[in-house]
file work30.cif (mmCIF, C-alpha atoms)
data_my_file
loop_
_atom_site.label_atom_id
_atom_site.label_comp_id
_atom_site.auth_asym_id
_atom_site.auth_seq_id
_atom_site.Cartn_x
_atom_site.Cartn_y
_atom_site.Cartn_z
CA MET A 1 4.43 19.97 -18.33
CA ALA A 2 1.79 22.19 -16.87
CA ALA A 3 2.12 23.50 -13.33
CA SER A 4 0.44 21.65 -10.48
CA VAL A 5 -3.34 21.58 -10.41
CA LEU A 6 -4.44 23.11 -7.11
CA ILE A 7 -8.01 22.96 -5.87
CA GLY A 8 -8.75 24.95 -2.75
CA ALA A 9 -11.33 23.66 -0.33
CA VAL A 10 -12.40 24.16 3.23
CA ALA A 11 -10.94 21.48 5.48
CA LEU A 12 -14.30 19.93 6.27
CA SER A 13 -15.84 20.41 2.82
CA GLY A 14 -17.72 17.23 2.01
CA ALA A 15 -17.40 16.04 5.60
CA TYR A 16 -20.47 14.75 7.34
CA ALA A 17 -20.88 13.80 10.98
CA SER A 18 -22.00 10.41 12.15
CA PRO A 19 -22.00 8.79 15.53
CA VAL A 20 -18.52 8.15 16.87
CA ALA A 21 -17.65 4.46 17.03
CA ALA A 22 -18.48 2.83 20.30
CA GLY A 23 -15.62 2.88 22.78
CA GLY A 24 -14.20 0.02 24.73
CA HIS A 25 -11.02 -1.55 25.97
CA GLY A 26 -9.09 -4.61 24.96
CA PRO A 27 -9.12 -6.42 21.60
CA ARG A 28 -12.16 -5.58 19.49
CA THR A 29 -13.20 -4.96 15.89
CA GLU A 30 -15.15 -2.03 14.50
CA ARG A 31 -16.50 -1.36 11.02
CA VAL A 32 -15.20 1.85 9.43
CA ASN A 33 -17.15 2.28 6.18
CA THR A 34 -20.49 3.32 7.61
CA ALA A 35 -23.08 5.91 6.59
CA PRO A 36 -23.58 9.22 8.47
CA ASP A 37 -26.28 7.65 10.63
CA GLY A 38 -24.10 4.66 11.46
CA SER A 39 -25.89 2.28 9.10
CA GLU A 40 -24.19 -0.12 6.71
CA ALA A 41 -22.61 0.81 3.39
CA VAL A 42 -24.79 -0.01 0.37
CA GLY A 43 -24.11 0.09 -3.34
CA GLY A 44 -20.78 -1.72 -3.40
CA GLY A 45 -17.70 -2.85 -1.54
CA SER A 46 -14.94 -0.95 0.24
CA PHE A 47 -11.24 -1.67 -0.14
CA ASN A 48 -7.58 -0.62 0.28
CA ALA A 49 -7.65 0.77 3.82
CA ALA A 50 -4.83 2.88 5.29
CA ILE A 51 -4.52 4.13 8.88
CA SER A 52 -2.65 7.12 10.29
CA PRO A 53 0.01 6.34 12.92
CA ASP A 54 -2.14 7.67 15.76
CA GLY A 55 -5.17 5.72 14.56
CA ARG A 56 -7.29 8.83 14.12
CA TYR A 57 -7.73 8.67 10.33
CA VAL A 58 -8.64 5.78 8.07
CA ALA A 59 -8.60 6.24 4.29
CA PHE A 60 -10.19 3.76 1.89
CA ASP A 61 -11.92 3.56 -1.48
CA SER A 62 -15.46 2.40 -1.95
CA GLU A 63 -18.19 1.76 -4.49
CA ALA A 64 -20.84 2.56 -1.86
CA ASP A 65 -22.97 5.65 -2.49
CA ASN A 66 -24.37 6.34 0.98
CA LEU A 67 -21.20 7.11 2.97
CA VAL A 68 -21.64 10.87 2.53
CA PRO A 69 -24.74 12.77 1.37
CA GLY A 70 -24.74 13.92 -2.22
CA ASP A 71 -22.42 11.25 -3.61
CA ASP A 72 -23.15 11.73 -7.30
CA ASN A 73 -20.21 9.74 -8.71
CA ASP A 74 -22.51 7.19 -10.31
CA GLY A 75 -21.49 4.45 -12.69
CA THR A 76 -20.66 0.78 -12.79
CA LEU A 77 -18.22 0.00 -9.97
CA ALA A 78 -17.26 3.67 -9.57
CA HIS A 79 -14.86 4.06 -6.64
CA ASP A 80 -14.40 7.15 -4.47
CA VAL A 81 -11.70 7.81 -1.87
CA PHE A 82 -12.99 8.52 1.63
CA LEU A 83 -11.27 9.72 4.79
CA ARG A 84 -12.80 8.75 8.10
CA ASP A 85 -11.93 10.89 11.14
CA ARG A 86 -12.53 8.57 14.06
CA ARG A 87 -12.13 11.39 16.60
CA THR A 88 -14.89 13.59 15.19
CA GLY A 89 -16.97 10.85 13.58
CA THR A 90 -16.88 12.54 10.16
CA THR A 91 -16.23 11.20 6.67
CA ARG A 92 -14.99 13.16 3.63
CA ARG A 93 -15.05 12.21 -0.06
CA LEU A 94 -11.61 13.45 -1.12
CA ASN A 95 -11.96 13.21 -4.89
CA ALA A 96 -15.27 15.10 -5.04
CA PRO A 97 -13.74 18.31 -6.58
CA LEU A 98 -12.34 16.29 -9.49
CA GLY A 99 -15.71 15.31 -10.90
CA PRO A 100 -16.79 11.87 -12.09
CA GLY A 101 -14.28 9.06 -12.41
CA ASN A 102 -12.71 6.34 -10.32
CA ALA A 103 -10.44 7.11 -7.37
CA ASP A 104 -8.63 4.53 -5.25
CA PHE A 105 -5.46 3.31 -3.49
CA ALA A 106 -5.18 5.97 -0.80
CA THR A 107 -2.15 6.25 1.50
CA ILE A 108 -1.63 8.43 4.59
CA SER A 109 1.63 10.15 5.52
CA ALA A 110 3.22 9.34 8.89
CA ASP A 111 2.57 12.87 10.17
CA GLY A 112 -1.16 12.32 9.65
CA ARG A 113 -1.49 15.46 7.52
CA HIS A 114 -1.57 14.20 3.93
CA VAL A 115 -3.44 11.60 1.87
CA ALA A 116 -2.26 10.57 -1.60
CA PHE A 117 -4.45 8.63 -4.03
CA ASN A 118 -5.17 7.83 -7.68
CA ALA A 119 -7.98 9.61 -9.46
CA GLU A 120 -9.29 9.26 -13.00
CA THR A 121 -9.83 12.54 -14.83
CA ASN A 122 -10.70 12.69 -18.51
CA GLY A 123 -9.94 9.00 -18.88
CA THR A 124 -6.41 9.15 -17.42
CA TYR A 125 -5.29 8.27 -13.91
CA HIS A 126 -3.33 10.92 -12.02
CA VAL A 127 -1.85 11.10 -8.52
CA TYR A 128 -3.15 13.70 -6.07
CA VAL A 129 -2.16 14.74 -2.56
CA TYR A 130 -4.86 16.02 -0.19
CA GLU A 131 -3.89 18.15 2.80
CA ILE A 132 -6.19 17.14 5.63
CA ARG A 133 -6.10 20.43 7.58
CA THR A 134 -6.77 22.77 4.65
CA GLY A 135 -8.54 20.59 2.08
CA ARG A 136 -5.97 21.61 -0.55
CA LEU A 137 -5.75 19.12 -3.43
CA GLU A 138 -2.60 18.99 -5.55
CA ARG A 139 -1.76 16.94 -8.61
CA VAL A 140 1.79 15.56 -8.39
CA ASP A 141 2.38 13.30 -11.43
CA LEU A 142 4.06 16.12 -13.35
CA ASP A 143 7.31 16.87 -15.20
CA MET A 144 8.07 13.28 -16.14
CA ASP A 145 9.96 12.04 -19.20
CA ALA A 146 8.50 12.59 -22.66
CA GLY A 147 5.41 10.47 -23.27
CA PHE A 148 4.66 9.93 -19.55
CA THR A 149 1.47 11.77 -18.66
CA GLY A 150 -0.29 9.76 -15.94
CA GLY A 151 0.41 8.24 -12.56
CA GLU A 152 -0.79 5.56 -10.14
CA THR A 153 -0.14 3.83 -6.78
CA PRO A 154 1.48 6.61 -4.71
CA ALA A 155 3.58 6.24 -1.58
CA LEU A 156 4.36 9.15 0.77
CA SER A 157 7.36 10.15 2.84
CA ALA A 158 6.67 10.80 6.52
CA ASP A 159 6.02 14.53 6.09
CA GLY A 160 4.29 14.24 2.72
CA ARG A 161 7.03 16.15 0.91
CA TYR A 162 8.07 13.28 -1.35
CA VAL A 163 5.65 11.17 -3.39
CA ALA A 164 6.81 8.01 -5.14
CA TYR A 165 4.49 6.69 -7.84
CA LEU A 166 4.22 4.67 -11.03
CA GLY A 167 4.39 6.88 -14.12
CA ARG A 168 2.33 5.74 -17.13
CA GLN A 169 2.85 6.40 -20.84
CA ALA A 170 0.20 8.07 -22.96
CA THR A 171 1.70 6.71 -26.17
CA ASP A 172 3.59 3.55 -27.10
CA PRO A 173 6.07 2.63 -24.35
CA PRO A 174 9.82 2.79 -24.92
CA PRO A 175 11.20 -0.41 -26.49
CA ASN A 176 12.79 -1.66 -23.25
CA GLU A 177 10.06 -0.58 -20.82
CA GLU A 178 6.58 -1.98 -21.23
CA PHE A 179 4.88 -1.14 -17.95
CA GLY A 180 6.00 2.29 -16.79
CA ARG A 181 8.65 3.92 -14.61
CA ILE A 182 8.92 4.87 -10.96
CA TYR A 183 9.17 8.59 -10.21
CA VAL A 184 9.51 10.70 -7.06
CA ARG A 185 7.96 14.15 -6.82
CA ASP A 186 9.41 16.70 -4.40
CA ARG A 187 6.40 18.85 -3.52
CA LYS A 188 8.56 21.47 -1.82
CA THR A 189 10.79 22.22 -4.82
CA GLY A 190 8.24 21.27 -7.48
CA THR A 191 10.64 18.84 -9.17
CA THR A 192 10.32 15.22 -10.33
CA ARG A 193 13.07 12.65 -10.76
CA ARG A 194 13.14 9.12 -12.03
CA ALA A 195 13.75 6.49 -9.33
CA SER A 196 13.63 3.22 -11.28
CA ARG A 197 16.74 1.99 -13.00
CA VAL A 198 17.39 1.83 -16.75
CA PRO A 199 16.63 -1.80 -17.68
CA ALA A 200 19.43 -4.06 -18.80
CA ARG A 201 17.15 -6.15 -21.04
CA GLU A 202 14.11 -5.57 -23.22
CA GLY A 203 10.55 -5.95 -22.06
CA ARG A 204 11.01 -4.71 -18.51
CA GLY A 205 8.68 -2.54 -16.48
CA TYR A 206 8.37 -1.16 -12.96
CA ASP A 207 5.67 -0.92 -10.31
CA SER A 208 4.88 -1.23 -6.56
CA PRO A 209 6.87 1.77 -5.26
CA ARG A 210 7.44 2.18 -1.52
CA ILE A 211 9.43 5.04 0.02
CA SER A 212 11.35 5.52 3.27
CA ALA A 213 10.27 8.11 5.84
CA ASP A 214 12.86 10.68 4.76
CA GLY A 215 12.21 10.13 1.05
CA SER A 216 15.77 9.03 0.31
CA LYS A 217 15.14 5.38 -0.56
CA VAL A 218 12.57 3.78 -2.86
CA ALA A 219 11.89 0.04 -3.12
CA TYR A 220 10.13 -1.17 -6.25
CA ARG A 221 9.55 -4.20 -8.46
CA GLU A 222 11.01 -4.87 -11.90
CA ARG A 223 9.05 -7.41 -13.92
CA SER A 224 8.81 -9.02 -17.33
CA ARG A 225 6.13 -11.00 -19.11
CA ARG A 226 8.76 -13.28 -20.59
CA GLY A 227 11.00 -13.98 -17.58
CA GLY A 228 14.71 -14.29 -18.11
CA GLY A 229 15.93 -12.10 -15.27
CA PRO A 230 19.41 -12.35 -13.76
CA GLY A 231 18.37 -15.49 -11.85
CA GLY A 232 17.28 -17.44 -14.95
CA GLU A 233 14.26 -17.91 -17.20
CA ARG A 234 11.86 -18.40 -14.27
CA ASP A 235 13.00 -15.11 -12.76
CA TRP A 236 10.12 -12.93 -13.99
CA ALA A 237 10.26 -10.25 -11.26
CA ASP A 238 12.91 -8.78 -8.96
CA ILE A 239 12.99 -6.25 -6.12
CA HIS A 240 15.26 -3.21 -6.38
CA LEU A 241 16.20 -0.40 -4.02
CA ALA A 242 17.07 3.09 -5.26
CA ASP A 243 19.13 5.42 -3.05
CA LEU A 244 18.18 8.86 -4.31
CA ARG A 245 21.02 10.56 -2.45
CA THR A 246 23.83 8.46 -3.91
CA GLY A 247 22.19 7.26 -7.12
CA GLU A 248 22.90 3.63 -6.23
CA GLN A 249 20.58 0.95 -7.63
CA ARG A 250 20.67 -2.36 -5.76
CA GLN A 251 18.90 -5.68 -6.26
CA ILE A 252 17.36 -6.80 -2.99
CA ASP A 253 16.07 -10.33 -3.75
CA THR A 254 19.46 -12.01 -3.71
CA THR A 255 21.34 -14.40 -1.49
CA ALA A 256 23.51 -12.92 1.25
CA ASP A 257 26.53 -13.16 -1.07
CA GLY A 258 24.75 -11.42 -3.95
CA ARG A 259 23.49 -14.26 -6.18
CA PRO A 260 20.12 -13.29 -7.75
CA ALA A 261 16.89 -15.06 -6.88
CA THR A 262 16.05 -17.88 -9.26
CA SER A 263 12.32 -17.17 -9.38
CA GLY A 264 9.93 -14.23 -9.17
CA SER A 265 9.78 -11.82 -6.22
CA THR A 266 6.91 -9.43 -5.50
CA ASP A 267 5.28 -6.97 -3.08
CA PRO A 268 8.18 -4.88 -1.75
CA LEU A 269 7.84 -3.07 1.56
CA ILE A 270 10.39 -0.75 3.17
CA SER A 271 10.64 0.17 6.84
CA ALA A 272 10.42 3.86 7.72
CA ASP A 273 14.11 3.95 8.61
CA GLY A 274 14.98 2.50 5.20
CA ARG A 275 16.99 -0.34 6.66
CA THR A 276 14.66 -3.31 6.12
CA VAL A 277 13.01 -4.40 2.86
CA ALA A 278 10.41 -7.16 2.96
CA PHE A 279 9.24 -9.06 -0.11
CA ASN A 280 7.62 -12.31 -1.17
CA SER A 281 9.38 -14.82 -3.38
CA SER A 282 9.05 -18.36 -4.69
CA ALA A 283 12.83 -18.59 -5.18
CA LYS A 284 14.45 -21.44 -3.29
CA ASN A 285 18.01 -20.16 -3.30
CA ILE A 286 17.69 -16.95 -1.25
CA VAL A 287 17.92 -18.98 1.94
CA PRO A 288 17.24 -22.71 2.31
CA VAL A 289 13.56 -23.62 2.01
CA PRO A 290 11.76 -26.98 1.95
CA ASP A 291 11.67 -28.71 -1.43
CA GLU A 292 7.90 -28.42 -1.58
CA ALA A 293 7.89 -24.74 -0.66
CA ARG A 294 5.62 -22.49 -2.75
CA SER A 295 6.44 -18.99 -1.52
CA TYR A 296 7.82 -17.27 1.55
CA VAL A 297 8.25 -13.80 3.00
CA PHE A 298 11.86 -12.60 3.16
CA LEU A 299 13.51 -9.70 4.96
CA ARG A 300 16.68 -7.99 3.74
CA ASP A 301 18.83 -5.87 6.04
CA THR A 302 20.17 -3.26 3.63
CA ARG A 303 22.94 -2.27 6.02
CA THR A 304 24.45 -5.70 6.70
CA GLY A 305 23.16 -7.57 3.65
CA ALA A 306 21.70 -10.32 5.82
CA VAL A 307 18.53 -11.98 4.52
CA ARG A 308 15.97 -13.85 6.59
CA ARG A 309 13.07 -16.15 5.76
CA VAL A 310 9.86 -15.50 7.71
CA ASP A 311 7.83 -18.62 8.33
CA GLY A 312 4.09 -18.47 8.73
CA ILE A 313 2.08 -20.10 11.46
CA ASN A 314 2.97 -23.80 11.63
CA GLY A 315 5.35 -23.30 8.70
CA ASN A 316 2.57 -22.05 6.40
CA GLN A 317 4.00 -21.24 2.98
CA TYR A 318 1.10 -19.14 1.72
CA ALA A 319 1.89 -16.02 3.71
CA THR A 320 2.16 -12.55 2.17
CA ALA A 321 3.61 -9.49 3.88
CA ASP A 322 1.06 -6.66 3.66
CA ALA A 323 2.75 -4.05 5.91
CA ILE A 324 5.96 -3.53 7.88
CA GLY A 325 6.63 -1.58 11.07
CA PRO A 326 8.85 1.53 11.06
CA ASP A 327 11.88 -0.30 12.47
CA GLY A 328 11.22 -3.59 10.70
CA ARG A 329 10.30 -5.42 13.91
CA ARG A 330 6.67 -6.21 13.04
CA LEU A 331 5.00 -7.53 9.92
CA LEU A 332 1.32 -7.60 9.05
CA LEU A 333 0.91 -10.96 7.31
CA HIS A 334 -2.07 -12.58 5.66
CA TYR A 335 -2.32 -16.29 5.17
CA SER A 336 -4.26 -18.29 2.63
CA GLY A 337 -4.60 -21.99 2.00
CA ALA A 338 -5.09 -24.34 4.93
CA ALA A 339 -4.24 -21.58 7.42
CA TYR A 340 -5.85 -18.24 6.71
CA GLY A 341 -6.39 -14.88 8.34
CA LEU A 342 -4.46 -11.72 9.08
CA TYR A 343 -1.79 -11.64 11.80
CA VAL A 344 0.77 -9.29 13.29
CA LYS A 345 4.07 -11.11 13.62
CA ASP A 346 6.60 -9.80 16.14
CA LEU A 347 9.94 -10.80 14.66
CA ARG A 348 11.76 -10.23 17.94
CA THR A 349 9.59 -12.52 20.05
CA GLY A 350 8.13 -14.73 17.30
CA LYS A 351 4.61 -14.07 18.57
CA ASP A 352 1.69 -14.12 16.10
CA THR A 353 -1.40 -12.10 17.02
CA LEU A 354 -4.65 -12.65 15.14
CA VAL A 355 -6.04 -9.46 13.58
CA SER A 356 -9.09 -10.80 11.74
CA PRO A 357 -11.12 -12.98 14.12
CA GLY A 358 -14.75 -13.70 13.48
CA THR A 359 -17.36 -13.19 16.15
CA ASP A 360 -16.53 -16.72 17.31
CA GLY A 361 -12.86 -15.80 17.78
CA LYS A 362 -11.58 -17.99 14.93
CA PRO A 363 -9.53 -16.64 11.98
CA ARG A 364 -11.28 -15.07 9.01
CA ALA A 365 -9.85 -14.28 5.58
CA ALA A 366 -8.77 -10.64 5.17
CA THR A 367 -6.26 -8.49 3.30
CA ALA A 368 -4.49 -5.27 4.26
CA GLY A 369 -2.46 -2.59 2.51
CA PRO A 370 1.05 -1.23 3.13
CA ASP A 371 -0.35 1.39 5.54
CA GLY A 372 -2.58 -1.11 7.29
CA MET A 373 -0.86 -1.12 10.70
CA THR A 374 0.03 1.57 13.23
CA PRO A 375 3.73 1.82 14.17
CA ASP A 376 3.17 0.30 17.62
CA GLY A 377 1.29 -2.67 16.18
CA ARG A 378 -1.75 -1.92 18.33
CA LYS A 379 -4.22 -1.19 15.52
CA ALA A 380 -4.71 -2.53 12.01
CA VAL A 381 -7.20 -1.87 9.22
CA PHE A 382 -8.19 -4.38 6.60
CA ALA A 383 -10.88 -5.44 4.14
CA SER A 384 -12.94 -8.62 4.26
CA HIS A 385 -15.93 -9.91 2.33
CA LEU A 386 -17.08 -12.07 5.24
CA ASP A 387 -20.14 -11.11 7.29
CA ASP A 388 -19.23 -12.34 10.75
CA LEU A 389 -16.37 -10.10 11.88
CA VAL A 390 -18.81 -7.78 13.65
CA ALA A 391 -22.39 -8.29 14.72
CA GLY A 392 -25.15 -7.10 12.40
CA ASP A 393 -23.25 -7.29 9.12
CA THR A 394 -26.00 -7.86 6.55
CA ASN A 395 -24.94 -5.82 3.51
CA HIS A 396 -23.22 -8.74 1.72
CA GLU A 397 -20.34 -6.46 0.66
CA THR A 398 -16.62 -6.23 1.29
CA ASP A 399 -16.21 -3.87 4.25
CA VAL A 400 -13.32 -2.06 5.92
CA PHE A 401 -12.62 -2.95 9.55
CA LEU A 402 -10.35 -1.63 12.27
CA ARG A 403 -8.97 -4.07 14.81
CA HIS A 404 -7.85 -2.90 18.23
CA ILE A 405 -5.24 -5.57 18.79
CA ARG A 406 -4.38 -4.72 22.39
#
call {"tool": "encode", "arguments": {"input": "work30.cif", "output": "structure tokens"}}
result
Amino acid sequence: MAASVLIGAVALSGAYASPVAAGGHGPRTERVNTAPDGSEAVGGGSFNAAISPDGRYVAFDSEADNLVPGDDNDGTLAHDVFLRDRRTGTTRRLNAPLGPGNADFATISADGRHVAFNAETNGTYHVYVYEIRTGRLERVDLDMDAGFTGGETPALSADGRYVAYLGRQATDPPPNEEFGRIYVRDRKTGTTRRASRVPAREGRGYDSPRISADGSKVAYRERSRRGGGPGGERDWADIHLADLRTGEQRQIDTTADGRPATSGSTDPLISADGRTVAFNSSAKNIVPVPDEARSYVFLRDTRTGAVRRVDGINGNQYATADAIGPDGRRLLLHYSGAAYGLYVKDLRTGKDTLVSPGTDGKPRAATAGPDGMTPDGRKAVFASHLDDLVAGDTNHETDVFLRHIR
């Protein structure tokens, strides 16, 4: 494979000042995806928000064309990746040096120095890492197995050294792997290694990588269109954990004594310390659930093997874990169905704190990404298509919001 693509840039290249968000104290919501003059985004929606641990930076992708001057990435539903510096009131379009093409699914490293994202170049998606201080842009989906030439959905270690991502095939996939493999790139040594396991049955594929702070553990999903996993024919997806130091591959969505889940499991998350893995599952054998249960959030302690069911508000079964705190204490959950909205759940105290209130204080539908909450649980970023989370929302688009929880 070719060496890394490096594009030098001045740190504030493509950055344009706008009024700093109004200050305040106590719980409040602010809109992040605004134009340089503070006006609303126009031209399309904004999605997939990520926040740095100190709350200074928010990354997101957007179809809007007025967030920075000179946005010439035109086309139907063309997404760009933007980085908002809340301290300086500036916004940068990170994929601008790559030319036309979609860019999305940004993530921010815990040290607040790196942003990784997908970007489409010449019809193929690749994974890039942007260094915030220098503006340096580096392609990282390199040196994979034969036939794998693209990458998507990155996750970063705390210092940005390791990048986990989904590797895509340019040609027909291998007989046993239909959807790609999980790789980890070491940016310091310039090497890439496979993280996903070799499948035991045909028709498997891998996605949804998440990586621990030190880069040693990667959680991911194995799935199949036809089902027939270790838990039975309804078991169409499982959660696995790769230990890159020991080489161990371990199924996470099992009972405490190791029996596999009997139905599909999705959306893995891993705490920064690598000890806790959260996932969603409709399996009823992981721990006891009501007969009518649809799906629950589960937590697996990888050290003790203990597994815990996380109930939603009033026993709501339509909860999904969007983000997890660094020590596994807090979850950012969104609810659908009869109860809806985005909440921070403190697993130690059991307290649920609403993150997505409307201007009337009642819950509003919203979704967040795996980097949607600061480590202390005090701030969260999310996307919502509703127009009453802040005053004066008249653009009729999905917007990105930041909630000061306390």
call {"tool": "residues_around", "arguments": {"input": "work30.cif", "residues": "A:His396", "least_positions_apart": "5", "cutoff": "8 Å", "atoms": "only C-alpha atoms", "output": "compact mmCIF listing (two decimals) with C-alpha atoms, in the frame of the given file"}}
result
# COMPACT_ATOMS: atom_id res chain seq x y z
CA HIS A 385 -15.93 -9.91 2.33
CA LEU A 386 -17.08 -12.07 5.24
CA ASP A 387 -20.14 -11.11 7.29
call {"tool": "closest_residue", "arguments": {"input": "work30.cif", "among": "A:Ser224, A:Asp273, A:Asp291, A:Arg194", "to": "A:Gln249", "atoms": "all atoms listed in the file"}}
result
A:Arg194
call {"tool": "resolve_selection", "arguments": {"input": "work30.cif", "expression": "the PyMOL selection byres ((chain A and resi 311) around 10)", "output": "PDB file with C-alpha atoms, in the frame of the given file"}}
result
ATOM      1  CA  VAL A 289      13.560 -23.620   2.010  1.00  0.00           C
ATOM      2  CA  SER A 295       6.440 -18.990  -1.520  1.00  0.00           C
ATOM      3  CA  TYR A 296       7.820 -17.270   1.550  1.00  0.00           C
ATOM      4  CA  VAL A 297       8.250 -13.800   3.000  1.00  0.00           C
ATOM      5  CA  PHE A 298      11.860 -12.600   3.160  1.00  0.00           C
ATOM      6  CA  ARG A 308      15.970 -13.850   6.590  1.00  0.00           C
ATOM      7  CA  ARG A 309      13.070 -16.150   5.760  1.00  0.00           C
ATOM      8  CA  VAL A 310       9.860 -15.500   7.710  1.00  0.00           C
ATOM      9  CA  GLY A 312       4.090 -18.470   8.730  1.00  0.00           C
ATOM     10  CA  ILE A 313       2.080 -20.100  11.460  1.00  0.00           C
ATOM     11  CA  ASN A 314       2.970 -23.800  11.630  1.00  0.00           C
ATOM     12  CA  GLY A 315       5.350 -23.300   8.700  1.00  0.00           C
ATOM     13  CA  ASN A 316       2.570 -22.050   6.400  1.00  0.00           C
ATOM     14  CA  GLN A 317       4.000 -21.240   2.980  1.00  0.00           C
ATOM     15  CA  TYR A 318       1.100 -19.140   1.720  1.00  0.00           C
ATOM     16  CA  ALA A 319       1.890 -16.020   3.710  1.00  0.00           C
ATOM     17  CA  LYS A 345       4.070 -11.110  13.620  1.00  0.00           C
ATOM     18  CA  GLY A 350       8.130 -14.730  17.300  1.00  0.00           C
TER      19      GLY A 350
END
call {"tool": "atom_distance", "arguments": {"input": "work30.cif", "atom1": "atom CA of A:Phe117", "atom2": "atom CA of A:Pro97"}}
result
13.7 Å
call {"tool": "atom_distance", "arguments": {"input": "work30.cif", "atom1": "atom CA of A:Gly26", "atom2": "atom CA of A:Thr359"}}
result
14.8 Å
call {"tool": "resolve_selection", "arguments": {"input": "work30.cif", "expression": "the PyMOL selection byres ((chain A and resi 364) around 8)", "output": "PDB file with C-alpha atoms, in the coordinates of the input"}}
result
ATOM      1  CA  TYR A 340      -5.850 -18.240   6.710  1.00  0.00           C
ATOM      2  CA  GLY A 341      -6.390 -14.880   8.340  1.00  0.00           C
ATOM      3  CA  LEU A 342      -4.460 -11.720   9.080  1.00  0.00           C
ATOM      4  CA  SER A 356      -9.090 -10.800  11.740  1.00  0.00           C
ATOM      5  CA  PRO A 357     -11.120 -12.980  14.120  1.00  0.00           C
ATOM      6  CA  GLY A 358     -14.750 -13.700  13.480  1.00  0.00           C
ATOM      7  CA  LYS A 362     -11.580 -17.990  14.930  1.00  0.00           C
ATOM      8  CA  PRO A 363      -9.530 -16.640  11.980  1.00  0.00           C
ATOM      9  CA  ALA A 365      -9.850 -14.280   5.580  1.00  0.00           C
ATOM     10  CA  ALA A 366      -8.770 -10.640   5.170  1.00  0.00           C
ATOM     11  CA  LEU A 386     -17.080 -12.070   5.240  1.00  0.00           C
ATOM     12  CA  LEU A 389     -16.370 -10.100  11.880  1.00  0.00           C
TER      13      LEU A 389
END
call {"tool": "residues_around", "arguments": {"input": "work30.cif", "residues": "A:Thr304", "least_positions_apart": "4", "cutoff": "12 Å", "atoms": "all atoms listed in the file", "output": "NGL selection string"}}
result
:A and (256-257 or 275-276 or 299-300 or 308)
call {"tool": "atom_distance", "arguments": {"input": "work30.cif", "atom1": "atom CA of A:His404", "atom2": "atom CA of A:Ala106"}}
result
21.2 Å
call {"tool": "closest_residue", "arguments": {"input": "work30.cif", "among": "A:Asp322, A:Asp267, A:Asp159, A:Asp214", "to": "A:Leu244", "atoms": "only C-alpha atoms"}}
result
A:Asp214
call {"tool": "resolve_selection", "arguments": {"input": "work30.cif", "expression": "the PyMOL selection byres ((chain A and resi 31) around 12)", "output": "NGL selection string"}}
result
:A and (20-22 or 28-30 or 32-35 or 38-41 or 46 or 49 or 58 or 84 or 86 or 380-384 or 387-393 or 398-404)
call {"tool": "closest_atom_pairs", "arguments": {"input": "work30.cif", "of": "stretch 22-99 of chain A", "to": "stretch 137-156 of chain A", "cutoff": "10 Å", "atoms": "only C-alpha atoms", "output": "Markdown table"}}
result
| residue | atom | partner | partner_atom | distance |
| --- | --- | --- | --- | --- |
| A:Leu94 | CA | A:Leu137 | CA | 8.5 |
| A:Asn95 | CA | A:Leu137 | CA | 8.7 |
| A:Pro97 | CA | A:Leu137 | CA | 8.6 |
| A:Leu98 | CA | A:Leu137 | CA | 9.4 |
call {"tool": "closest_residue", "arguments": {"input": "work30.cif", "among": "A:Val198, A:Ala78, A:Leu83, A:Leu332", "to": "A:Gly180", "atoms": "all atoms listed in the file"}}
result
A:Val198
call {"tool": "closest_residue", "arguments": {"input": "work30.cif", "among": "A:Ala293, A:Val307, A:Met373, A:Val127", "to": "A:Ser52", "atoms": "all atoms listed in the file"}}
result
A:Met373
call {"tool": "closest_residue", "arguments": {"input": "work30.cif", "among": "A:Ser157, A:Thr374, A:Thr262, A:Ser196", "to": "A:Ala323", "atoms": "only C-alpha atoms"}}
result
A:Thr374
call {"tool": "closest_residue", "arguments": {"input": "work30.cif", "among": "A:Arg330, A:Arg221, A:Arg197, A:Arg204", "to": "A:Asp243", "atoms": "all atoms listed in the file"}}
result
A:Arg197
call {"tool": "residues_near_point", "arguments": {"input": "work30.cif", "point": "(11.8, 3.8, -10.5)", "cutoff": "10 Å", "atoms": "all atoms listed in the file", "output": "ChimeraX atom specification"}}
result
/A:164-167,180-184,193-198,205-209,218-222,240-242,249
